[in-house]
Amino acid sequence: MTNLFEEAARVSYPGRGIVAGRTQDGKYAVSAYWTMGRSAGSRNRIFVTNQEEGSEVVRTKAFDESLIAGDPSLIIYAAVRTLGNKTIVTNGDQTDTIYQGFKSGKTFEQALRTRKYEHDGPNWTPRISSVLDIEGGSLNYTLSILKSDDGNGDCILRQTFDYEAPFAGEGRYIHTYEGDGNPLPSFKGEPVKVSISGNIDEFTDKLWNSLNADNKVSLFVRFIEIATGKYEERIINKNK
């Protein structure tokens, strides 16, 4: 098992990252998501919370509206939605696809079958997604990545990783890029098994401080009490 904070610090530009797991005491499900950016447009973002459809939604928002250029759909979206016992976290507007899919009776995989990687060739940025489910007082979570086949925009790889009754103190970490490059190379392999440690403030601070200082933009962390569904969350934005 890899130390999460060391793993997050290992690559200067992992892009956007998702962590799902369980605290050391077993009481809380953990969900974390961050954005990073190399361009002025990608760095011109913050996380904000809104009340929509009866529950809180975490959205990305332009920090300076005057700097928006090109297609904003790839950087402005609902990153987090909650539906019943399910917490959905993704790096794009597929959050809404999964949310609406669940509402219509589809599974996580069925909903994502309608989507593919982002339309930003030649990078073809992967869409990474997670859902944490605490139905019946137990935790299961699933991670997904939709990506091109080694940069070939004609080929779509859809990979889903399901974790049932995960151990306390461990989680899985997936991110969009293997590292910096031109074009950016997509994440490869299974989500990394990582240690989950500390309370929500310790975890948030260590994770934020481990991300590359130049490229990090925003961080979201939520600790969900598995027995009750009540949660605490933290948001850190570089832009203030």
# chains A, B, ... in the order shown; residues from 1 in each chain; ligands from 1
$ select_by_dssp --residues "segment 68-136 of chain A" --states "helix (DSSP H, G or I)" --output "count of residues only"
20
$ select_by_dssp --residues "segment 14-232 of chain A" --states "strand (DSSP E)" --output "number ranges by chain"
A: 17-22, 28-36, 45-52, 55-62, 78-83, 86-90, 127-133, 140-149, 152-164, 170-175, 192-195, 216-225, 231-232
$ residues_around --residues "Val217 of chain A" --least-positions-apart "2" --cutoff "7 Å" --atoms "only C-alpha atoms" --output "MDAnalysis selection string"
chainID A and resid 35:37 43 45 215 237:238
$ write_last_selection --atoms "all heavy atoms" --output "compact mmCIF listing (two decimals), in the first residue's frame"
# COMPACT_ATOMS: atom_id res chain seq x y z
N THR A 35 -8.50 19.55 -8.80
CA THR A 35 -8.19 20.02 -10.15
C THR A 35 -6.81 20.65 -10.15
O THR A 35 -6.36 21.22 -9.16
CB THR A 35 -9.22 21.05 -10.63
OG1 THR A 35 -9.22 22.19 -9.76
CG2 THR A 35 -10.63 20.46 -10.67
N MET A 36 -6.16 20.53 -11.30
CA MET A 36 -4.88 21.18 -11.51
C MET A 36 -4.94 21.84 -12.89
O MET A 36 -5.85 21.59 -13.68
CB MET A 36 -3.73 20.18 -11.44
CG MET A 36 -3.67 19.39 -10.15
SD MET A 36 -2.24 18.28 -10.03
CE MET A 36 -0.99 19.41 -9.42
N GLY A 37 -3.98 22.71 -13.18
CA GLY A 37 -3.98 23.37 -14.47
C GLY A 37 -2.61 23.87 -14.87
O GLY A 37 -1.81 24.27 -14.02
N ARG A 43 -6.38 27.23 -14.77
CA ARG A 43 -6.08 27.70 -13.41
C ARG A 43 -7.10 28.72 -12.91
O ARG A 43 -7.12 29.03 -11.72
CB ARG A 43 -4.68 28.30 -13.38
CG ARG A 43 -3.58 27.26 -13.58
CD ARG A 43 -2.20 27.89 -13.64
NE ARG A 43 -1.16 26.86 -13.70
CZ ARG A 43 0.13 27.11 -13.77
NH1 ARG A 43 0.56 28.37 -13.77
NH2 ARG A 43 1.02 26.11 -13.83
N ARG A 45 -10.10 28.75 -11.86
CA ARG A 45 -11.27 28.03 -11.35
C ARG A 45 -11.27 28.00 -9.82
O ARG A 45 -10.22 28.09 -9.19
CB ARG A 45 -11.29 26.59 -11.87
CG ARG A 45 -11.63 26.47 -13.32
CD ARG A 45 -11.71 25.02 -13.74
NE ARG A 45 -10.38 24.40 -13.82
CZ ARG A 45 -10.18 23.11 -14.08
NH1 ARG A 45 -11.21 22.32 -14.26
NH2 ARG A 45 -8.96 22.61 -14.15
N ASN A 215 0.85 24.00 -9.98
CA ASN A 215 -0.23 23.48 -10.81
C ASN A 215 -1.55 23.24 -10.08
O ASN A 215 -2.60 23.14 -10.73
CB ASN A 215 0.21 22.17 -11.47
CG ASN A 215 1.35 22.37 -12.44
OD1 ASN A 215 1.43 23.39 -13.12
ND2 ASN A 215 2.26 21.40 -12.51
N ASN A 237 -9.42 26.46 -2.22
CA ASN A 237 -9.19 27.06 -3.52
C ASN A 237 -7.92 27.90 -3.49
O ASN A 237 -7.73 28.69 -2.56
CB ASN A 237 -10.37 27.99 -3.91
CG ASN A 237 -11.64 27.21 -4.19
OD1 ASN A 237 -11.64 26.27 -4.99
ND2 ASN A 237 -12.73 27.60 -3.56
N LYS A 238 -7.06 27.71 -4.49
CA LYS A 238 -5.85 28.52 -4.58
C LYS A 238 -6.21 29.96 -4.88
O LYS A 238 -5.58 30.90 -4.35
CB LYS A 238 -4.93 27.94 -5.65
CG LYS A 238 -3.57 28.59 -5.69
CD LYS A 238 -2.68 27.86 -6.70
CE LYS A 238 -1.28 28.45 -6.72
NZ LYS A 238 -0.41 27.72 -7.69
$ residues_around --residues "segment 59-72 of chain A" --least-positions-apart "4" --cutoff "10 Å" --atoms "only C-alpha atoms" --output "compact mmCIF listing (two decimals) with C-alpha atoms, in the first residue's frame"
# COMPACT_ATOMS: atom_id res chain seq x y z
CA THR A 35 -8.19 20.02 -10.15
CA ALA A 40 -4.44 30.34 -17.52
CA GLY A 41 -7.93 29.04 -18.33
CA SER A 42 -7.49 25.81 -16.38
CA ARG A 43 -6.08 27.70 -13.41
CA ASN A 44 -8.94 30.21 -13.45
CA ARG A 45 -11.27 28.03 -11.35
CA ILE A 46 -12.65 27.55 -7.87
CA PHE A 47 -14.99 25.05 -6.20
CA VAL A 48 -18.31 26.43 -4.93
CA THR A 49 -21.33 24.79 -3.30
CA ASN A 50 -24.97 25.23 -4.33
CA ILE A 76 -17.10 24.30 -15.69
CA TYR A 77 -19.30 21.46 -14.39
CA ALA A 78 -20.89 19.81 -11.36
CA ALA A 79 -18.07 17.82 -9.77
CA VAL A 80 -20.05 16.32 -6.88
CA ARG A 81 -23.67 15.23 -6.56
CA ASN A 91 -13.87 15.34 -13.39
CA GLY A 92 -16.54 16.52 -15.83
CA ASP A 120 -9.60 17.96 -26.39
CA SER A 218 -8.77 23.37 -5.99
CA ASN A 237 -9.19 27.06 -3.52
CA ASN A 239 -7.68 31.51 -6.06
CA LYS A 240 -9.10 33.73 -3.32
$ residues_around --residues "Tyr99 of chain A" --least-positions-apart "6" --cutoff "12 Å" --atoms "only C-alpha atoms" --output "list in words"
Glu53, Val57, Ala78, Ala79, Val80, Arg81, Thr82, Leu83, Gly84, Lys86, Thr87, Ile88, Val89, Thr90, Asp93, Gly105, Lys106, Thr107, Phe108, Glu109, Gln110, Ala111, Leu112, Ser129, Ser130 and Val131 of chain A
$ residues_around --residues "Gly229 of chain A" --least-positions-apart "6" --cutoff "9 Å" --atoms "only C-alpha atoms" --output "list in words"
Gly84, Asn85, Ile134 and Gly137 of chain A
$ residues_around --residues "Leu143 of chain A" --least-positions-apart "6" --cutoff "9 Å" --atoms "only C-alpha atoms" --output "PyMOL selection string"
chain A and resi 18+20+128-132+159-163+172-174+191
$ atom_distance --atom1 "atom CA of Asn212 of chain A" --atom2 "atom CA of Ile75 of chain A"
19.2 Å
$ closest_residue --among "A:Asn3, A:Gln24, A:Asn209, A:Thr95" --to "Ser197 of chain A" --atoms "only C-alpha atoms"
A:Gln24
$ atom_distance --atom1 "atom CA of Val192 of chain A" --atom2 "atom CA of Glu178 of chain A"
12.1 Å
$ closest_residue --among "A:Arg22, A:Lys103, A:Lys230, A:Lys216" --to "Ser195 of chain A" --atoms "only C-alpha atoms"
A:Arg22
